[in-house]
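Have a look at structure_29.cif below; it lists mmCIF, C-alpha atoms.
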data_model
#
loop_
_atom_site.group_PDB
_atom_site.id
_atom_site.type_symbol
_atom_site.label_atom_id
_atom_site.label_comp_id
_atom_site.auth_asym_id
_atom_site.auth_seq_id
_atom_site.Cartn_x
_atom_site.Cartn_y
_atom_site.Cartn_z
ATOM 1 C CA MET B 12 74.440 125.988 123.683
ATOM 2 C CA GLN B 13 77.526 124.363 125.161
ATOM 3 C CA GLU B 14 80.964 125.538 123.958
ATOM 4 C CA ARG B 15 83.064 122.891 122.224
ATOM 5 C CA GLU B 16 86.554 122.180 123.466
ATOM 6 C CA PRO B 17 89.209 123.534 121.101
ATOM 7 C CA ILE B 18 90.899 120.860 118.990
ATOM 8 C CA ILE B 19 93.502 123.108 117.378
ATOM 9 C CA LYS B 20 95.040 126.201 118.985
ATOM 10 C CA ILE B 21 97.209 128.416 116.791
ATOM 11 C CA LEU B 22 99.308 131.379 117.894
ATOM 12 C CA TYR B 23 99.749 133.884 115.047
ATOM 13 C CA GLU B 24 102.120 136.843 115.169
ATOM 14 C CA ASN B 25 102.803 139.916 113.063
ATOM 15 C CA ILE B 26 106.121 139.398 111.236
ATOM 16 C CA GLU B 27 107.034 143.093 111.456
ATOM 17 C CA LYS B 28 105.959 143.497 115.085
ATOM 18 C CA PRO B 29 106.215 140.066 116.782
ATOM 19 C CA ILE B 30 104.823 141.580 119.976
ATOM 20 C CA ASN B 31 101.422 141.589 118.235
ATOM 21 C CA GLN B 32 100.167 138.030 118.761
ATOM 22 C CA VAL B 33 96.729 136.415 118.616
ATOM 23 C CA TRP B 34 95.556 132.918 119.634
ATOM 24 C CA LEU B 35 92.833 131.326 117.516
ATOM 25 C CA THR B 36 91.057 128.158 118.605
ATOM 26 C CA PHE B 37 89.348 125.748 116.227
ATOM 27 C CA PRO B 38 86.636 124.749 115.723
ATOM 28 C CA LEU B 39 85.546 128.364 115.859
ATOM 29 C CA SER B 40 82.562 129.048 118.075
ATOM 30 C CA GLY B 41 79.534 130.692 116.499
ATOM 31 C CA LYS B 42 80.284 134.032 118.124
ATOM 32 C CA GLU B 43 83.991 134.076 117.255
ATOM 33 C CA LYS B 44 85.111 135.579 113.970
ATOM 34 C CA ALA B 45 88.700 134.708 113.105
ATOM 35 C CA GLU B 46 89.097 137.756 110.894
ATOM 36 C CA GLN B 47 88.083 140.077 113.756
ATOM 37 C CA LYS B 48 90.567 138.486 116.146
ATOM 38 C CA MET B 49 93.297 138.798 113.528
ATOM 39 C CA LEU B 50 92.817 142.587 113.558
ATOM 40 C CA GLY B 51 94.957 142.515 116.710
ATOM 41 C CA LEU B 52 97.921 141.752 114.466
ATOM 42 C CA THR B 53 97.446 144.996 112.544
ATOM 43 C CA LYS B 54 98.179 147.311 115.490
ATOM 44 C CA GLY B 55 100.649 149.883 114.258
ATOM 45 C CA HIS B 56 100.077 148.896 110.603
ATOM 46 C CA GLU B 57 96.485 150.063 110.122
ATOM 47 C CA LYS B 58 97.228 151.948 106.874
ATOM 48 C CA GLU B 59 98.958 149.046 105.115
ATOM 49 C CA ASP B 60 97.133 146.957 102.509
ATOM 50 C CA SER B 61 98.288 143.570 103.746
ATOM 51 C CA ILE B 62 99.801 142.426 107.000
ATOM 52 C CA SER B 63 102.282 139.570 106.942
ATOM 53 C CA PHE B 64 101.875 137.116 109.782
ATOM 54 C CA ARG B 65 103.164 133.688 110.667
ATOM 55 C CA ILE B 66 102.222 130.757 112.830
ATOM 56 C CA VAL B 67 104.361 130.666 115.968
ATOM 57 C CA LYS B 68 102.853 127.711 117.798
ATOM 58 C CA VAL B 69 100.254 124.993 117.197
ATOM 59 C CA GLU B 70 98.660 122.861 119.901
ATOM 60 C CA SER B 71 96.798 119.814 118.647
ATOM 61 C CA PRO B 72 96.390 116.079 119.373
ATOM 62 C CA VAL B 73 98.235 115.586 116.050
ATOM 63 C CA PRO B 74 101.813 116.440 117.078
ATOM 64 C CA ASN B 75 103.257 117.352 113.653
ATOM 65 C CA LEU B 76 100.223 119.276 112.379
ATOM 66 C CA GLY B 77 101.849 122.698 112.785
ATOM 67 C CA GLN B 78 104.404 122.091 110.059
ATOM 68 C CA TYR B 79 101.618 121.450 107.542
ATOM 69 C CA LEU B 80 99.342 124.410 108.286
ATOM 70 C CA PRO B 81 99.575 127.496 106.064
ATOM 71 C CA ALA B 82 99.902 130.905 107.719
ATOM 72 C CA ASP B 83 97.764 132.544 105.046
ATOM 73 C CA GLY B 84 94.549 132.725 107.041
ATOM 74 C CA ARG B 85 92.614 129.811 105.514
ATOM 75 C CA PHE B 86 90.394 129.774 108.596
ATOM 76 C CA GLN B 87 87.393 127.931 107.123
ATOM 77 C CA GLU B 88 89.588 125.054 105.982
ATOM 78 C CA ILE B 89 91.372 124.886 109.353
ATOM 79 C CA ASN B 90 87.960 124.927 111.032
ATOM 80 C CA GLN B 91 86.873 122.023 108.788
ATOM 81 C CA LEU B 92 90.100 120.157 109.663
ATOM 82 C CA ALA B 93 89.460 120.638 113.397
ATOM 83 C CA GLY B 94 86.046 119.005 112.939
ATOM 84 C CA LYS B 95 87.643 115.998 111.214
ATOM 85 C CA ILE B 96 90.302 115.622 113.946
ATOM 86 C CA GLU B 97 87.630 115.935 116.633
ATOM 87 C CA ARG B 98 85.825 112.878 115.226
ATOM 88 C CA MET B 99 89.024 110.770 115.160
ATOM 89 C CA SER B 100 89.973 108.302 117.887
ATOM 90 C CA GLN B 101 93.428 108.666 119.459
ATOM 91 C CA GLU B 102 94.762 105.864 117.260
ATOM 92 C CA GLU B 103 93.324 107.554 114.162
ATOM 93 C CA GLN B 104 95.010 110.816 115.202
ATOM 94 C CA VAL B 105 98.359 108.968 115.370
ATOM 95 C CA LEU B 106 97.608 107.414 111.980
ATOM 96 C CA PHE B 107 96.770 110.864 110.554
ATOM 97 C CA SER B 108 100.064 112.219 111.897
ATOM 98 C CA GLY B 109 101.962 109.499 110.039
ATOM 99 C CA ILE B 110 99.927 109.997 106.853
ATOM 100 C CA LEU B 111 100.952 113.662 106.818
ATOM 101 C CA ASP B 112 104.602 112.572 106.884
ATOM 102 C CA CYS B 113 103.996 109.898 104.199
ATOM 103 C CA CYS B 114 102.356 111.990 101.538
ATOM 104 C CA SER B 115 103.201 115.176 99.707
ATOM 105 C CA VAL B 116 101.590 118.154 101.437
ATOM 106 C CA SER B 117 101.817 121.591 99.875
ATOM 107 C CA ALA B 118 98.455 123.164 100.761
ATOM 108 C CA ILE B 119 95.662 122.923 103.334
ATOM 109 C CA GLU B 120 93.635 120.938 100.770
ATOM 110 C CA ASP B 121 96.304 118.207 100.925
ATOM 111 C CA VAL B 122 95.971 118.121 104.726
ATOM 112 C CA LEU B 123 92.181 117.778 104.441
ATOM 113 C CA GLN B 124 92.591 114.988 101.869
ATOM 114 C CA ALA B 125 95.044 113.198 104.187
ATOM 115 C CA ALA B 126 92.458 113.396 106.985
ATOM 116 C CA ASP B 127 89.999 111.585 104.699
ATOM 117 C CA SER B 128 92.575 108.913 103.725
ATOM 118 C CA LEU B 129 92.719 106.925 106.983
ATOM 119 C CA PRO B 130 91.324 103.694 105.433
ATOM 120 C CA LEU B 131 94.167 103.673 102.879
ATOM 121 C CA TYR B 132 96.845 103.197 105.567
ATOM 122 C CA ASP B 133 97.855 100.593 108.143
ATOM 123 C CA TYR B 134 99.269 101.314 111.573
ATOM 124 C CA PHE B 135 101.870 99.053 113.208
ATOM 125 C CA PRO B 136 101.941 100.068 116.898
ATOM 126 C CA GLY B 137 105.286 99.783 118.679
ATOM 127 C CA VAL B 138 107.296 99.693 115.437
ATOM 128 C CA THR B 139 109.510 102.788 115.693
ATOM 129 C CA CYS B 140 112.785 101.765 114.014
ATOM 130 C CA SER B 141 114.123 99.599 111.191
ATOM 131 C CA ARG B 142 115.078 96.705 113.489
ATOM 132 C CA GLN B 143 111.571 96.503 114.950
ATOM 133 C CA LEU B 144 110.077 96.830 111.473
ATOM 134 C CA GLY B 145 112.219 93.934 110.202
ATOM 135 C CA GLY B 146 111.072 91.770 113.106
ATOM 136 C CA TYR B 147 107.449 92.739 112.562
ATOM 137 C CA VAL B 148 107.378 91.926 108.839
ATOM 138 C CA VAL B 149 109.106 88.567 109.398
ATOM 139 C CA GLU B 150 107.057 87.470 112.432
ATOM 140 C CA ASN B 151 103.762 88.471 110.796
ATOM 141 C CA GLY B 152 104.511 86.772 107.476
ATOM 142 C CA ILE B 153 104.586 90.009 105.470
ATOM 143 C CA MET B 154 107.968 88.840 104.166
ATOM 144 C CA GLU B 155 108.275 85.084 104.400
ATOM 145 C CA PHE B 156 111.374 83.259 105.628
ATOM 146 C CA PRO B 157 111.677 79.701 106.988
ATOM 147 C CA LYS B 158 111.527 79.752 110.810
ATOM 148 C CA GLU B 159 114.870 77.999 111.131
ATOM 149 C CA VAL B 160 116.698 81.011 109.587
ATOM 150 C CA TRP B 161 114.993 83.652 111.755
ATOM 151 C CA PRO B 162 117.850 83.792 114.314
ATOM 152 C CA TYR B 163 120.334 84.598 111.494
ATOM 153 C CA LEU B 164 118.312 87.286 109.688
ATOM 154 C CA ASP B 165 119.433 90.903 109.426
ATOM 155 C CA TYR B 166 116.252 92.454 110.834
ATOM 156 C CA PHE B 167 117.615 95.973 110.496
ATOM 157 C CA GLY B 168 118.352 95.401 106.791
ATOM 158 C CA ILE B 169 114.953 93.791 106.212
ATOM 159 C CA GLY B 170 113.270 96.751 107.892
ATOM 160 C CA GLU B 171 115.278 99.227 105.808
ATOM 161 C CA GLU B 172 114.359 97.392 102.605
ATOM 162 C CA TYR B 173 110.658 97.318 103.512
ATOM 163 C CA TYR B 174 110.677 101.012 104.484
ATOM 164 C CA ALA B 175 112.415 102.031 101.244
ATOM 165 C CA SER B 176 109.935 100.141 99.071
ATOM 166 C CA HIS B 177 106.741 101.386 100.750
ATOM 167 C CA SER B 178 105.164 104.759 101.416
ATOM 168 C CA CYS B 179 105.499 104.918 105.192
ATOM 169 C CA ALA B 180 106.574 107.053 108.153
ATOM 170 C CA TYR B 181 107.530 106.430 111.761
ATOM 171 C CA THR B 182 105.555 108.166 114.486
ATOM 172 C CA ARG B 183 106.448 108.283 118.178
ATOM 173 C CA SER B 184 104.342 105.196 118.835
ATOM 174 C CA GLY B 185 104.420 103.164 115.632
ATOM 175 C CA LEU B 186 104.708 102.962 111.869
ATOM 176 C CA VAL B 187 102.147 104.190 109.344
ATOM 177 C CA VAL B 188 102.209 102.394 105.976
ATOM 178 C CA ARG B 189 100.163 102.958 102.847
ATOM 179 C CA LYS B 190 98.337 99.748 102.034
ATOM 180 C CA ASP B 191 99.334 97.915 98.908
ATOM 181 C CA GLU B 192 97.071 98.873 96.002
ATOM 182 C CA GLU B 193 96.572 95.191 95.201
ATOM 183 C CA GLN B 194 95.468 94.523 98.774
ATOM 184 C CA ILE B 195 92.978 97.419 98.657
ATOM 185 C CA LEU B 196 91.542 96.068 95.396
ATOM 186 C CA GLU B 197 91.149 92.568 96.861
ATOM 187 C CA THR B 198 89.452 93.959 99.987
ATOM 188 C CA ASP B 199 87.041 96.062 97.908
ATOM 189 C CA GLN B 200 86.188 93.076 95.682
ATOM 190 C CA SER B 201 85.537 90.752 98.627
ATOM 191 C CA GLN B 202 83.313 93.377 100.309
ATOM 192 C CA GLY B 203 81.427 93.840 97.041
ATOM 193 C CA MET B 204 80.829 90.075 96.770
ATOM 194 C CA ARG B 205 79.449 89.952 100.340
ATOM 195 C CA MET B 206 77.095 92.873 99.711
ATOM 196 C CA GLN B 207 75.450 91.256 96.676
#
Take the structure in this file and express it as structure tokens.
Amino acid sequence: MQEREPIIKILYENIEKPINQVWLTFPLSGKEKAEQKMLGLTKGHEKEDSISFRIVKVESPVPNLGQYLPADGRFQEINQLAGKIERMSQEEQVLFSGILDCCSVSAIEDVLQAADSLPLYDYFPGVTCSRQLGGYVVENGIMEFPKEVWPYLDYFGIGEEYYASHSCAYTRSGLVVRKDEEQILETDQSQGMRMQ
């Protein structure tokens, strides 16, 4: 059986003795037991009931993932998340990164739900600031203005207004925006009509 490439690499360390560190890679291989590897963090604390540890570093194709992962050893959920990320294209990974910044994340379950929410969001590549966002929404008819006034528009202000009124987040390569609920409903209805 061929080993899978790691999708997520996490460096854990003992809070009391930071010299005790362990790397875990996800998805876990069949022979690797996360709990056994974590025993390396207990060196010098073998008689204690619980060992406090933290995440020091996260390597992943989703650049902001580390700030949303809990350090409480939810290894099965992180393993499940690695499988979801592995099946994503690069553009979907960027979209997922933005979704994490758009929604409220307080637990690993929220991260898993965000990974399943890709169809609920749009991605505007190359839109990384309010000025670009203002230009994008005007030029693509998202906010309509007569063409003759385009040279006089405050694109920065239009972008700020759009950003403030939508659930969205900038990534390094573009903007992630939650689709309008009305638009989702219309899309679902039109797909339902075609299927009948």
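Atom pair atom CA of B:Leu129 / atom CA of B:Ala82: separated by 25.0 Å.
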- prompt: So what does the PyMOL selection byres ((chain B and resi 69) around 6) actually pick up in this one, as an NGL selection string?
  reply: :B and (20-21 or 68 or 70 or 77)
Filtering to C-alpha atoms, could you give me those residues as an mmCIF file, keeping the file's coordinate frame?
data_model
loop_
_atom_site.group_PDB
_atom_site.id
_atom_site.type_symbol
_atom_site.label_atom_id
_atom_site.label_comp_id
_atom_site.auth_asym_id
_atom_site.auth_seq_id
_atom_site.Cartn_x
_atom_site.Cartn_y
_atom_site.Cartn_z
ATOM 1 C CA LYS B 20 95.040 126.201 118.985
ATOM 2 C CA ILE B 21 97.209 128.416 116.791
ATOM 3 C CA LYS B 68 102.853 127.711 117.798
ATOM 4 C CA GLU B 70 98.660 122.861 119.901
ATOM 5 C CA GLY B 77 101.849 122.698 112.785
#
Query raised in the report: Mind telling me what the PyMOL selection byres ((chain B and resi 139-153) around 7) catches here, as a ChimeraX atom specification?
Result: /B:137-138,154-156,166-167,169-171,181-186
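Nearest residue to B:Arg65, choosing from B:Asp83, B:Glu102, B:Asp133, B:Glu97 and counting all atoms listed in the file: B:Asp83.
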Expressed in Å, the length from atom CA of B:Pro72 to atom CA of B:Gln104 is 6.9 Å
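If you measure from each of B:Val105, B:Ala93, B:Leu131, B:Val67 to B:Pro17 using all atoms listed in the file, the closest one turns out to be B:Ala93.
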Reference answer for the PyMOL selection byres ((chain B and resi 180) around 9), as a CSV table (one decimal) with C-alpha atoms, keeping the file's coordinate frame:
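expr_31.csv, freshly written:
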chain,number,residue,atom,x,y,z
B,109,GLY,CA,102.0,109.5,110.0
B,110,ILE,CA,99.9,110.0,106.9
B,111,LEU,CA,101.0,113.7,106.8
B,112,ASP,CA,104.6,112.6,106.9
B,113,CYS,CA,104.0,109.9,104.2
B,174,TYR,CA,110.7,101.0,104.5
B,178,SER,CA,105.2,104.8,101.4
B,179,CYS,CA,105.5,104.9,105.2
B,181,TYR,CA,107.5,106.4,111.8
B,182,THR,CA,105.6,108.2,114.5
B,185,GLY,CA,104.4,103.2,115.6
B,186,LEU,CA,104.7,103.0,111.9
B,187,VAL,CA,102.1,104.2,109.3
B,188,VAL,CA,102.2,102.4,106.0
- Query: Skipping near chain neighbours, those fewer than 4 positions away, what residues fall within 8 Å of B:Ala118 using only C-alpha atoms, listed as a list of chain:residue names?
  - Reply: B:Tyr79, B:Leu80, B:Pro81, B:Val122
Residue selection dump (C-alpha atoms) as a short mmCIF file (atom, residue, chain, number, x, y, z; two decimals), in the frame of the given file:
data_model
loop_
_atom_site.label_atom_id
_atom_site.label_comp_id
_atom_site.auth_asym_id
_atom_site.auth_seq_id
_atom_site.Cartn_x
_atom_site.Cartn_y
_atom_site.Cartn_z
CA TYR B 79 101.62 121.45 107.54
CA LEU B 80 99.34 124.41 108.29
CA PRO B 81 99.58 127.50 106.06
CA VAL B 122 95.97 118.12 104.73
#
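Among the candidates B:Pro162, B:Pro130, B:Pro29, B:Pro38, the residue lying nearest to B:Glu103 is B:Pro130 (atoms considered: all atoms listed in the file).
Across the structure, atom CA of B:Arg85 and atom CA of B:Ile119 are spaced 7.8 Å apart.
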Return as lines of an AutoDock Vina configuration file the box centre and box size in Å, one decimal, for an axis-aligned box around all listed atoms of stretch 67-78 of chain B padded by 3 Å per side.
center_x = 100.4
center_y = 123.1
center_z = 115.0
size_x = 14.0
size_y = 21.1
size_z = 15.8
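Using all atoms listed in the file, the nearest neighbour of B:Asn90 within the list B:Phe37, B:Tyr134, B:Phe107, B:Phe64 is B:Phe37.
Residue nearest B:Gly94, chosen from B:Leu164, B:Ala175, B:Ile26, B:Leu39 and counting only C-alpha atoms: B:Leu39.
Proximity to B:Gln32 at 7 Å, evaluated using only C-alpha atoms and with sequence-adjacent residues fewer than 4 positions away removed, yields Leu22, Tyr23, Glu24, Asn25 and Leu52 of chain B.
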